[in-house]
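Reading through the structure tokens given below for one structure.
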2 protein chains.
Amino acid sequence: MKISTKGDYGVRALIELALHEGEGPVQRADIAHRRQIPESYLDHLLAQLRRDGFIRSTRGPGGGHELARPPAEICLLHVLESLEGSLAPLGCLSDDPADDAHDPLCGQQWVWREIFDEMRRRLAAISLADLTERERERERAERVMAAAPHYKI
Amino acid sequence: MKISTKGDYGVRALIELALHEGEGPVQRADIAHRRQIPESYLDHLLAQLRRDGFIRSTRGPGGGHELARPPAEICLLHVLESLEGSLAPLGCLSDDPADDAHDPLCGQQWVWREIFDEMRRRLAAISLADLTERERERERAERVMAAAPHYKI
DNA sequence: AGATTGTCGAGCGATTTAGTCAGCATTGTA
DNA sequence: TACAATGCTGACTAAATCGCTCGACAATCT
Ligand code: FES
Ligand code: FES
């Protein structure tokens, strides 16, 4: 019942791109360093995100990666589905026809369907812009803490 | 992002026990047949459920398995956690200290924490009694359909 | 005693995860 | 034009997990 590192890494990488939106392309190595992602693994994640139209990449010196759309228009649901495939917690809830084999007697499907729907609803409601906003807020809070240590606890 | 067959099988098995609550122990082979679960695999699931106090088993002829508590007092959350371990979708949300390694910068943790909390809340609100009630209802509906075919569609 | 049931642990093949690596393609710069 | 910096791709792999099977054993009923 875990989402894999792909999803987490990928979102982290996109946040990094969103934070530098409008400052030209960010390089693979920079993303990898700042977000602690194995560089050559990140390659594959970026490739997938490119295929699905979330980012645009340019080669050559000064090249790198940047968001293909404004951060506010990229939601977590689609990003995660791109990297992880269907997020359905049970095969019988997946749209993917490769998953089949549902016990027609199984009386718990409705539970999971509700949970799954709620999950998707929430993920769809959160954009990269929301995530970067959160990060910036926390960063601000930390600066305040650092500047005025007597506030602590 | 899937729950494994363990969870699904296990819940199916418990539903089967709940349906026959009060009629004496149900045998492994019966559960396996009725719910389409490999018999020798089911063994391990039942063992786990026994260890965690959900069922009681008796050996010898006429033996089998039965619920250790009333169906209304067994919730889906605990059953699934017993069979699957922590349901946390990210290592950094797990109570299990074996999972660590959280990127302190990662700005998406709060999203998943909320989803996870909601999920647990829902799973905790559903008991085996609720599930059997659902199955019985559907069965009734199906009997009506069968008796009066012209109602179809 | 013998049949019937559950209990336990070892082991195993397939699949998935989480990468690595080598080599090619493209582009900017000197 | 050479070359360096970057991205792109696919093949490969080690380790973990999944979904079981099997065999030996223990308890209980008749
Ligand atoms: S088989 Fe689909 S919910 Fe159990
Ligand atoms: S590392 Fe915990 S949410 Fe990303």
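Every chain in the structure tokens takes a letter, A first, then B, and so on in the order presented; its residues are numbered from 1, and the ligands are numbered from 1 following the presented order.
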note = If chain A is superposed onto chain B by least squares over all C-alpha atoms in order, the resulting RMSD is 0.1 Å
Would you name the residues within 12 Å of ligand 1, counting only C-alpha atoms (C1' of nucleotides) and all ligand atoms, and put them as a short mmCIF file (atom, residue, chain, number, x, y, z; two decimals) with N, CA and C atoms, in the first residue's frame?
data_model
loop_
_atom_site.label_atom_id
_atom_site.label_comp_id
_atom_site.auth_asym_id
_atom_site.auth_seq_id
_atom_site.Cartn_x
_atom_site.Cartn_y
_atom_site.Cartn_z
N ALA A 88 -5.25 3.00 -8.21
CA ALA A 88 -6.29 2.17 -7.62
C ALA A 88 -5.72 1.18 -6.61
N PRO A 89 -6.26 1.17 -5.41
CA PRO A 89 -5.74 0.29 -4.37
C PRO A 89 -6.08 -1.18 -4.57
N LEU A 90 -7.01 -1.45 -5.48
CA LEU A 90 -7.36 -2.83 -5.80
C LEU A 90 -7.47 -2.97 -7.30
N GLY A 91 -7.03 -4.10 -7.83
CA GLY A 91 -7.10 -4.32 -9.26
C GLY A 91 -8.50 -4.09 -9.81
N CYS A 92 -9.51 -4.49 -9.03
CA CYS A 92 -10.87 -4.42 -9.56
C CYS A 92 -11.41 -3.01 -9.60
N LEU A 93 -10.63 -2.03 -9.15
CA LEU A 93 -11.06 -0.63 -9.24
C LEU A 93 -10.34 0.12 -10.35
N SER A 94 -9.36 -0.56 -10.93
CA SER A 94 -8.54 0.11 -11.92
C SER A 94 -9.25 0.22 -13.25
N ASP A 99 -5.73 -5.25 -15.31
CA ASP A 99 -6.17 -5.76 -14.03
C ASP A 99 -7.60 -6.28 -14.17
N ASP A 100 -7.78 -7.55 -13.86
CA ASP A 100 -9.15 -8.04 -13.87
C ASP A 100 -9.38 -8.85 -12.60
N ALA A 101 -9.97 -10.02 -12.77
CA ALA A 101 -10.07 -10.97 -11.67
C ALA A 101 -10.66 -10.37 -10.41
N HIS A 102 -11.91 -9.98 -10.50
CA HIS A 102 -12.60 -9.50 -9.32
C HIS A 102 -13.60 -10.56 -8.85
N ASP A 103 -13.49 -10.89 -7.60
CA ASP A 103 -14.47 -11.81 -7.03
C ASP A 103 -15.82 -11.11 -6.97
N PRO A 104 -16.79 -11.59 -7.73
CA PRO A 104 -18.08 -10.90 -7.78
C PRO A 104 -18.79 -10.93 -6.44
N LEU A 105 -18.37 -11.82 -5.56
CA LEU A 105 -18.99 -11.88 -4.24
C LEU A 105 -18.41 -10.86 -3.28
N CYS A 106 -17.22 -10.35 -3.62
CA CYS A 106 -16.46 -9.59 -2.64
C CYS A 106 -17.20 -8.34 -2.21
N GLY A 107 -17.55 -8.32 -0.96
CA GLY A 107 -18.40 -7.25 -0.44
C GLY A 107 -17.67 -6.03 0.02
N GLN A 108 -16.41 -5.91 -0.28
CA GLN A 108 -15.69 -4.75 0.23
C GLN A 108 -15.32 -3.74 -0.84
N GLN A 109 -15.72 -4.04 -2.06
CA GLN A 109 -15.30 -3.17 -3.15
C GLN A 109 -15.79 -1.74 -2.95
N TRP A 110 -17.03 -1.61 -2.51
CA TRP A 110 -17.59 -0.26 -2.34
C TRP A 110 -16.78 0.57 -1.35
N VAL A 111 -16.25 -0.05 -0.31
CA VAL A 111 -15.44 0.69 0.66
C VAL A 111 -14.26 1.34 -0.03
N TRP A 112 -13.58 0.53 -0.78
CA TRP A 112 -12.38 1.02 -1.43
C TRP A 112 -12.69 2.00 -2.55
N ARG A 113 -13.82 1.78 -3.19
CA ARG A 113 -14.18 2.73 -4.23
C ARG A 113 -14.37 4.13 -3.64
N GLU A 114 -15.01 4.18 -2.50
CA GLU A 114 -15.22 5.48 -1.85
C GLU A 114 -13.90 6.11 -1.43
N PHE A 116 -10.97 5.50 -2.64
CA PHE A 116 -10.22 5.85 -3.85
C PHE A 116 -10.73 7.15 -4.46
N LYS B 2 -1.02 -0.47 -4.33
CA LYS B 2 -2.05 -1.49 -4.21
C LYS B 2 -2.02 -2.11 -2.81
N ILE B 3 -3.18 -2.56 -2.35
CA ILE B 3 -3.13 -3.46 -1.22
C ILE B 3 -3.00 -4.85 -1.82
N SER B 4 -2.26 -5.71 -1.16
CA SER B 4 -1.94 -7.01 -1.74
C SER B 4 -3.12 -7.97 -1.58
N THR B 5 -2.96 -9.14 -2.17
CA THR B 5 -4.02 -10.13 -2.06
C THR B 5 -4.25 -10.54 -0.61
N LYS B 6 -3.20 -10.47 0.19
CA LYS B 6 -3.36 -10.82 1.60
C LYS B 6 -4.54 -10.09 2.20
N GLY B 7 -4.54 -8.78 2.06
CA GLY B 7 -5.62 -7.98 2.63
C GLY B 7 -6.97 -8.37 2.08
N ASP B 8 -7.06 -8.47 0.78
CA ASP B 8 -8.34 -8.78 0.15
C ASP B 8 -8.82 -10.17 0.55
N TYR B 9 -7.94 -11.16 0.38
CA TYR B 9 -8.27 -12.53 0.78
C TYR B 9 -8.70 -12.58 2.24
N GLY B 10 -7.91 -11.96 3.07
CA GLY B 10 -8.17 -12.02 4.50
C GLY B 10 -9.54 -11.47 4.85
N VAL B 11 -9.88 -10.33 4.25
CA VAL B 11 -11.18 -9.74 4.54
C VAL B 11 -12.29 -10.64 4.00
N ARG B 12 -12.07 -11.17 2.80
CA ARG B 12 -13.08 -12.08 2.25
C ARG B 12 -13.31 -13.24 3.20
N ALA B 13 -12.23 -13.79 3.71
CA ALA B 13 -12.35 -14.94 4.61
C ALA B 13 -13.13 -14.55 5.86
N LEU B 14 -12.83 -13.39 6.40
CA LEU B 14 -13.52 -12.98 7.62
C LEU B 14 -15.00 -12.73 7.35
N ILE B 15 -15.31 -12.21 6.18
CA ILE B 15 -16.72 -12.03 5.83
C ILE B 15 -17.42 -13.39 5.85
N ARG B 35 -14.75 -18.57 -1.42
CA ARG B 35 -14.21 -17.24 -1.73
C ARG B 35 -13.05 -17.28 -2.73
N GLN B 36 -12.83 -18.42 -3.31
CA GLN B 36 -11.79 -18.55 -4.34
C GLN B 36 -10.41 -18.12 -3.85
N ILE B 37 -10.00 -18.73 -2.77
CA ILE B 37 -8.68 -18.44 -2.22
C ILE B 37 -7.88 -19.72 -2.20
N LEU B 131 -20.18 -5.14 6.42
CA LEU B 131 -19.88 -5.82 5.16
C LEU B 131 -20.85 -6.96 4.89
#
inquiry  = Give me the residues near range 52-54 of chain B as a PyMOL selection string, where near means some atom within 6 Å (using only C-alpha atoms (C1' of nucleotides)) and where sequence neighbours in that chain fewer than 2 positions away do not count.
reply    = chain B and resi 49-50+68
message = Tell me as JSON, numbers by chain which residues belonging to chain B come within 7 Å of chain D, counting only C-alpha atoms (C1' of nucleotides).
response = {"B": [41, 59, 60, 61]}
Please save N, CA and C atoms of the selected residues as a compact mmCIF listing (two decimals), in the first residue's frame.
# COMPACT_ATOMS: atom_id res chain seq x y z
N TYR B 41 -2.53 -21.13 0.94
CA TYR B 41 -2.16 -19.74 1.18
C TYR B 41 -3.01 -19.18 2.31
N ARG B 59 -8.86 -27.70 16.23
CA ARG B 59 -8.38 -28.77 15.37
C ARG B 59 -9.27 -29.99 15.46
N GLY B 60 -8.87 -30.97 14.71
CA GLY B 60 -9.58 -32.24 14.76
C GLY B 60 -10.84 -32.21 13.93
N PRO B 61 -11.44 -33.36 13.74
CA PRO B 61 -12.69 -33.46 12.97
C PRO B 61 -13.74 -32.51 13.53
request  = Could you give me the residues within range 25-59 of chain A that DSSP places in strand (DSSP E or B), as a list in words?
outcome  = Val26, Ile55, Arg56, Ser57 and Thr58 of chain A
Output the contact residues of chain C with respect to chain B at a cut-off of 9 Å, based on only C-alpha atoms (C1' of nucleotides), as a PDB file with all heavy atoms, in the first residue's frame.
ATOM      1  P    DA C   3      -7.274 -44.236   8.195  1.00  0.00           P
ATOM      2  OP1  DA C   3      -7.615 -45.334   7.280  1.00  0.00           O
ATOM      3  OP2  DA C   3      -5.917 -43.634   8.181  1.00  0.00           O
ATOM      4  O5'  DA C   3      -8.342 -43.078   8.014  1.00  0.00           O
ATOM      5  C5'  DA C   3      -9.655 -43.260   8.557  1.00  0.00           C
ATOM      6  C4'  DA C   3     -10.183 -41.923   9.010  1.00  0.00           C
ATOM      7  O4'  DA C   3      -9.542 -41.541  10.253  1.00  0.00           O
ATOM      8  C3'  DA C   3      -9.935 -40.787   8.016  1.00  0.00           C
ATOM      9  O3'  DA C   3     -11.157 -40.069   7.837  1.00  0.00           O
ATOM     10  C2'  DA C   3      -8.869 -39.935   8.702  1.00  0.00           C
ATOM     11  C1'  DA C   3      -9.158 -40.181  10.171  1.00  0.00           C
ATOM     12  N9   DA C   3      -7.997 -39.989  11.046  1.00  0.00           N
ATOM     13  C8   DA C   3      -6.745 -40.519  10.883  1.00  0.00           C
ATOM     14  N7   DA C   3      -5.902 -40.182  11.833  1.00  0.00           N
ATOM     15  C5   DA C   3      -6.648 -39.376  12.672  1.00  0.00           C
ATOM     16  C6   DA C   3      -6.339 -38.705  13.867  1.00  0.00           C
ATOM     17  N6   DA C   3      -5.131 -38.755  14.442  1.00  0.00           N
ATOM     18  N1   DA C   3      -7.321 -37.987  14.454  1.00  0.00           N
ATOM     19  C2   DA C   3      -8.522 -37.952  13.878  1.00  0.00           C
ATOM     20  N3   DA C   3      -8.938 -38.538  12.760  1.00  0.00           N
ATOM     21  C4   DA C   3      -7.948 -39.248  12.202  1.00  0.00           C
ATOM     22  P    DT C   4     -11.244 -38.925   6.701  1.00  0.00           P
ATOM     23  OP1  DT C   4     -12.586 -39.057   6.103  1.00  0.00           O
ATOM     24  OP2  DT C   4     -10.012 -38.961   5.874  1.00  0.00           O
ATOM     25  O5'  DT C   4     -11.214 -37.604   7.578  1.00  0.00           O
ATOM     26  C5'  DT C   4     -12.075 -37.494   8.711  1.00  0.00           C
ATOM     27  C4'  DT C   4     -11.698 -36.258   9.503  1.00  0.00           C
ATOM     28  O4'  DT C   4     -10.492 -36.502  10.262  1.00  0.00           O
ATOM     29  C3'  DT C   4     -11.424 -35.013   8.658  1.00  0.00           C
ATOM     30  O3'  DT C   4     -12.231 -33.964   9.146  1.00  0.00           O
ATOM     31  C2'  DT C   4      -9.935 -34.742   8.865  1.00  0.00           C
ATOM     32  C1'  DT C   4      -9.703 -35.346  10.246  1.00  0.00           C
ATOM     33  N1   DT C   4      -8.296 -35.741  10.547  1.00  0.00           N
ATOM     34  C2   DT C   4      -7.722 -35.287  11.707  1.00  0.00           C
ATOM     35  O2   DT C   4      -8.294 -34.569  12.507  1.00  0.00           O
ATOM     36  N3   DT C   4      -6.425 -35.710  11.912  1.00  0.00           N
ATOM     37  C4   DT C   4      -5.667 -36.526  11.087  1.00  0.00           C
ATOM     38  O4   DT C   4      -4.525 -36.836  11.392  1.00  0.00           O
ATOM     39  C5   DT C   4      -6.334 -36.953   9.883  1.00  0.00           C
ATOM     40  C7   DT C   4      -5.618 -37.846   8.911  1.00  0.00           C
ATOM     41  C6   DT C   4      -7.606 -36.549   9.668  1.00  0.00           C
ATOM     42  P    DT C   5     -12.759 -32.799   8.197  1.00  0.00           P
ATOM     43  OP1  DT C   5     -14.011 -32.264   8.771  1.00  0.00           O
ATOM     44  OP2  DT C   5     -12.711 -33.260   6.798  1.00  0.00           O
ATOM     45  O5'  DT C   5     -11.600 -31.751   8.383  1.00  0.00           O
ATOM     46  C5'  DT C   5     -11.848 -30.630   9.174  1.00  0.00           C
ATOM     47  C4'  DT C   5     -10.698 -30.397  10.130  1.00  0.00           C
ATOM     48  O4'  DT C   5      -9.794 -31.528  10.221  1.00  0.00           O
ATOM     49  C3'  DT C   5      -9.735 -29.301   9.700  1.00  0.00           C
ATOM     50  O3'  DT C   5     -10.270 -28.035   9.956  1.00  0.00           O
ATOM     51  C2'  DT C   5      -8.552 -29.578  10.626  1.00  0.00           C
ATOM     52  C1'  DT C   5      -8.678 -31.071  10.944  1.00  0.00           C
ATOM     53  N1   DT C   5      -7.462 -31.823  10.572  1.00  0.00           N
ATOM     54  C2   DT C   5      -6.405 -31.823  11.459  1.00  0.00           C
ATOM     55  O2   DT C   5      -6.413 -31.242  12.524  1.00  0.00           O
ATOM     56  N3   DT C   5      -5.303 -32.542  11.040  1.00  0.00           N
ATOM     57  C4   DT C   5      -5.169 -33.243   9.860  1.00  0.00           C
ATOM     58  O4   DT C   5      -4.135 -33.857   9.604  1.00  0.00           O
ATOM     59  C5   DT C   5      -6.311 -33.197   8.981  1.00  0.00           C
ATOM     60  C7   DT C   5      -6.265 -33.925   7.648  1.00  0.00           C
ATOM     61  C6   DT C   5      -7.392 -32.493   9.371  1.00  0.00           C
ATOM     62  P    DG C   6      -9.516 -26.762   9.360  1.00  0.00           P
ATOM     63  OP1  DG C   6     -10.464 -25.639   9.403  1.00  0.00           O
ATOM     64  OP2  DG C   6      -8.876 -27.152   8.085  1.00  0.00           O
ATOM     65  O5'  DG C   6      -8.375 -26.501  10.432  1.00  0.00           O
ATOM     66  C5'  DG C   6      -8.743 -26.254  11.788  1.00  0.00           C
ATOM     67  C4'  DG C   6      -7.497 -26.236  12.671  1.00  0.00           C
ATOM     68  O4'  DG C   6      -6.723 -27.439  12.423  1.00  0.00           O
ATOM     69  C3'  DG C   6      -6.535 -25.070  12.394  1.00  0.00           C
ATOM     70  O3'  DG C   6      -5.963 -24.638  13.623  1.00  0.00           O
ATOM     71  C2'  DG C   6      -5.485 -25.696  11.486  1.00  0.00           C
ATOM     72  C1'  DG C   6      -5.393 -27.099  12.065  1.00  0.00           C
ATOM     73  N9   DG C   6      -4.895 -28.080  11.106  1.00  0.00           N
ATOM     74  C8   DG C   6      -5.530 -28.548   9.985  1.00  0.00           C
ATOM     75  N7   DG C   6      -4.821 -29.418   9.331  1.00  0.00           N
ATOM     76  C5   DG C   6      -3.643 -29.537  10.064  1.00  0.00           C
ATOM     77  C6   DG C   6      -2.494 -30.335   9.842  1.00  0.00           C
ATOM     78  O6   DG C   6      -2.287 -31.128   8.925  1.00  0.00           O
ATOM     79  N1   DG C   6      -1.526 -30.149  10.835  1.00  0.00           N
ATOM     80  C2   DG C   6      -1.668 -29.286  11.898  1.00  0.00           C
ATOM     81  N2   DG C   6      -0.639 -29.224  12.746  1.00  0.00           N
ATOM     82  N3   DG C   6      -2.725 -28.550  12.122  1.00  0.00           N
ATOM     83  C4   DG C   6      -3.683 -28.719  11.169  1.00  0.00           C
ATOM     84  P    DT C   7      -4.948 -23.448  13.672  1.00  0.00           P
ATOM     85  OP1  DT C   7      -4.957 -22.859  15.023  1.00  0.00           O
ATOM     86  OP2  DT C   7      -5.269 -22.611  12.508  1.00  0.00           O
ATOM     87  O5'  DT C   7      -3.526 -24.140  13.464  1.00  0.00           O
ATOM     88  C5'  DT C   7      -3.004 -24.970  14.513  1.00  0.00           C
ATOM     89  C4'  DT C   7      -1.475 -24.899  14.490  1.00  0.00           C
ATOM     90  O4'  DT C   7      -0.951 -25.837  13.531  1.00  0.00           O
ATOM     91  C3'  DT C   7      -0.888 -23.540  14.113  1.00  0.00           C
ATOM     92  O3'  DT C   7       0.209 -23.308  14.982  1.00  0.00           O
ATOM     93  C2'  DT C   7      -0.480 -23.711  12.664  1.00  0.00           C
ATOM     94  C1'  DT C   7      -0.089 -25.185  12.612  1.00  0.00           C
ATOM     95  N1   DT C   7      -0.288 -25.901  11.321  1.00  0.00           N
ATOM     96  C2   DT C   7       0.683 -26.769  10.891  1.00  0.00           C
ATOM     97  O2   DT C   7       1.709 -26.964  11.503  1.00  0.00           O
ATOM     98  N3   DT C   7       0.396 -27.409   9.723  1.00  0.00           N
ATOM     99  C4   DT C   7      -0.738 -27.276   8.944  1.00  0.00           C
ATOM    100  O4   DT C   7      -0.878 -27.925   7.918  1.00  0.00           O
ATOM    101  C5   DT C   7      -1.718 -26.349   9.447  1.00  0.00           C
ATOM    102  C7   DT C   7      -2.976 -26.127   8.680  1.00  0.00           C
ATOM    103  C6   DT C   7      -1.453 -25.702  10.600  1.00  0.00           C
TER     104       DT C   7
END
query = What's the 7 Å shell around range 71-84 of chain B, counting only C-alpha atoms (C1' of nucleotides), without same-chain residues fewer than 6 positions away, as a PyMOL selection string?
reply = chain B and resi 6-7+18+48-49+52+120+123-129
Write the selection just made, keeping all heavy atoms, as an mmCIF file, in the first residue's frame?
data_model
loop_
_atom_site.group_PDB
_atom_site.id
_atom_site.type_symbol
_atom_site.label_atom_id
_atom_site.label_comp_id
_atom_site.auth_asym_id
_atom_site.auth_seq_id
_atom_site.Cartn_x
_atom_site.Cartn_y
_atom_site.Cartn_z
ATOM 1 N N LYS B 6 -3.203 -10.468 0.190
ATOM 2 C CA LYS B 6 -3.363 -10.820 1.599
ATOM 3 C C LYS B 6 -4.542 -10.090 2.199
ATOM 4 O O LYS B 6 -5.425 -10.699 2.804
ATOM 5 C CB LYS B 6 -2.100 -10.443 2.381
ATOM 6 C CG LYS B 6 -1.017 -11.456 2.322
ATOM 7 C CD LYS B 6 0.128 -11.023 3.222
ATOM 8 C CE LYS B 6 1.407 -11.756 2.858
ATOM 9 N NZ LYS B 6 2.582 -11.156 3.492
ATOM 10 N N GLY B 7 -4.543 -8.782 2.060
ATOM 11 C CA GLY B 7 -5.620 -7.985 2.634
ATOM 12 C C GLY B 7 -6.968 -8.372 2.078
ATOM 13 O O GLY B 7 -7.914 -8.620 2.834
ATOM 14 N N ALA B 18 -18.050 -14.304 9.268
ATOM 15 C CA ALA B 18 -19.112 -13.475 9.860
ATOM 16 C C ALA B 18 -20.480 -13.950 9.393
ATOM 17 O O ALA B 18 -21.447 -13.941 10.160
ATOM 18 C CB ALA B 18 -18.894 -12.009 9.509
ATOM 19 N N GLN B 48 -2.119 -15.484 10.807
ATOM 20 C CA GLN B 48 -1.895 -14.088 11.193
ATOM 21 C C GLN B 48 -3.100 -13.519 11.938
ATOM 22 O O GLN B 48 -2.957 -12.869 12.973
ATOM 23 C CB GLN B 48 -1.602 -13.254 9.934
ATOM 24 C CG GLN B 48 -1.334 -11.778 10.223
ATOM 25 C CD GLN B 48 -0.110 -11.596 11.088
ATOM 26 O OE1 GLN B 48 0.890 -12.286 10.931
ATOM 27 N NE2 GLN B 48 -0.183 -10.676 12.046
ATOM 28 N N LEU B 49 -4.274 -13.814 11.413
ATOM 29 C CA LEU B 49 -5.492 -13.300 12.043
ATOM 30 C C LEU B 49 -5.675 -13.911 13.438
ATOM 31 O O LEU B 49 -6.207 -13.272 14.339
ATOM 32 C CB LEU B 49 -6.707 -13.606 11.155
ATOM 33 C CG LEU B 49 -6.731 -12.829 9.828
ATOM 34 C CD1 LEU B 49 -7.837 -13.338 8.918
ATOM 35 C CD2 LEU B 49 -6.905 -11.332 10.089
ATOM 36 N N ASP B 52 -3.373 -12.206 15.916
ATOM 37 C CA ASP B 52 -3.841 -10.880 16.309
ATOM 38 C C ASP B 52 -5.228 -10.901 16.941
ATOM 39 O O ASP B 52 -5.856 -9.856 17.103
ATOM 40 C CB ASP B 52 -3.802 -9.924 15.114
ATOM 41 C CG ASP B 52 -2.375 -9.505 14.789
ATOM 42 O OD1 ASP B 52 -1.488 -9.743 15.642
ATOM 43 O OD2 ASP B 52 -2.139 -8.952 13.705
ATOM 44 N N ARG B 120 -7.905 6.067 6.994
ATOM 45 C CA ARG B 120 -7.996 5.313 8.240
ATOM 46 C C ARG B 120 -9.322 5.546 8.933
ATOM 47 O O ARG B 120 -9.923 4.629 9.489
ATOM 48 C CB ARG B 120 -6.849 5.703 9.172
ATOM 49 C CG ARG B 120 -5.624 4.877 8.904
ATOM 50 C CD ARG B 120 -4.700 4.929 10.071
ATOM 51 N NE ARG B 120 -4.303 6.313 10.336
ATOM 52 C CZ ARG B 120 -3.156 6.647 10.887
ATOM 53 N NH1 ARG B 120 -2.302 5.729 11.215
ATOM 54 N NH2 ARG B 120 -2.864 7.907 11.099
ATOM 55 N N LEU B 123 -11.887 3.439 7.149
ATOM 56 C CA LEU B 123 -11.722 2.004 7.371
ATOM 57 C C LEU B 123 -12.094 1.619 8.797
ATOM 58 O O LEU B 123 -12.633 0.544 9.043
ATOM 59 C CB LEU B 123 -10.280 1.596 7.087
ATOM 60 C CG LEU B 123 -9.880 1.599 5.615
ATOM 61 C CD1 LEU B 123 -8.409 1.291 5.471
ATOM 62 C CD2 LEU B 123 -10.716 0.595 4.839
ATOM 63 N N ALA B 124 -11.811 2.521 9.731
ATOM 64 C CA ALA B 124 -12.120 2.228 11.127
ATOM 65 C C ALA B 124 -13.626 2.257 11.366
ATOM 66 O O ALA B 124 -14.128 1.657 12.313
ATOM 67 C CB ALA B 124 -11.420 3.236 12.041
ATOM 68 N N ALA B 125 -14.343 2.945 10.487
ATOM 69 C CA ALA B 125 -15.787 3.102 10.683
ATOM 70 C C ALA B 125 -16.568 1.917 10.132
ATOM 71 O O ALA B 125 -17.785 1.851 10.281
ATOM 72 C CB ALA B 125 -16.259 4.394 10.031
ATOM 73 N N ILE B 126 -15.893 0.977 9.489
ATOM 74 C CA ILE B 126 -16.599 -0.132 8.859
ATOM 75 C C ILE B 126 -16.268 -1.453 9.532
ATOM 76 O O ILE B 126 -15.105 -1.828 9.648
ATOM 77 C CB ILE B 126 -16.258 -0.182 7.362
ATOM 78 C CG1 ILE B 126 -16.811 1.075 6.709
ATOM 79 C CG2 ILE B 126 -16.832 -1.423 6.724
ATOM 80 C CD1 ILE B 126 -16.451 1.218 5.286
ATOM 81 N N SER B 127 -17.302 -2.142 9.957
ATOM 82 C CA SER B 127 -17.106 -3.405 10.659
ATOM 83 C C SER B 127 -17.478 -4.570 9.750
ATOM 84 O O SER B 127 -18.107 -4.400 8.702
ATOM 85 C CB SER B 127 -17.975 -3.450 11.912
ATOM 86 O OG SER B 127 -19.331 -3.596 11.523
ATOM 87 N N LEU B 128 -17.111 -5.748 10.179
ATOM 88 C CA LEU B 128 -17.508 -6.946 9.449
ATOM 89 C C LEU B 128 -19.023 -7.042 9.352
ATOM 90 O O LEU B 128 -19.565 -7.498 8.343
ATOM 91 C CB LEU B 128 -16.963 -8.190 10.151
ATOM 92 C CG LEU B 128 -15.469 -8.444 9.986
ATOM 93 C CD1 LEU B 128 -15.109 -9.778 10.623
ATOM 94 C CD2 LEU B 128 -15.099 -8.436 8.513
ATOM 95 N N ALA B 129 -19.711 -6.578 10.388
ATOM 96 C CA ALA B 129 -21.172 -6.616 10.352
ATOM 97 C C ALA B 129 -21.692 -5.763 9.195
ATOM 98 O O ALA B 129 -22.631 -6.157 8.491
ATOM 99 C CB ALA B 129 -21.738 -6.122 11.684
#
Per-residue DSSP, chain B, filtered to helix (DSSP H, G or I), as a ChimeraX atom specification = /B:5-19,28-35,39-51,71-73,76-84,91-93,109-124,128-147,149-151
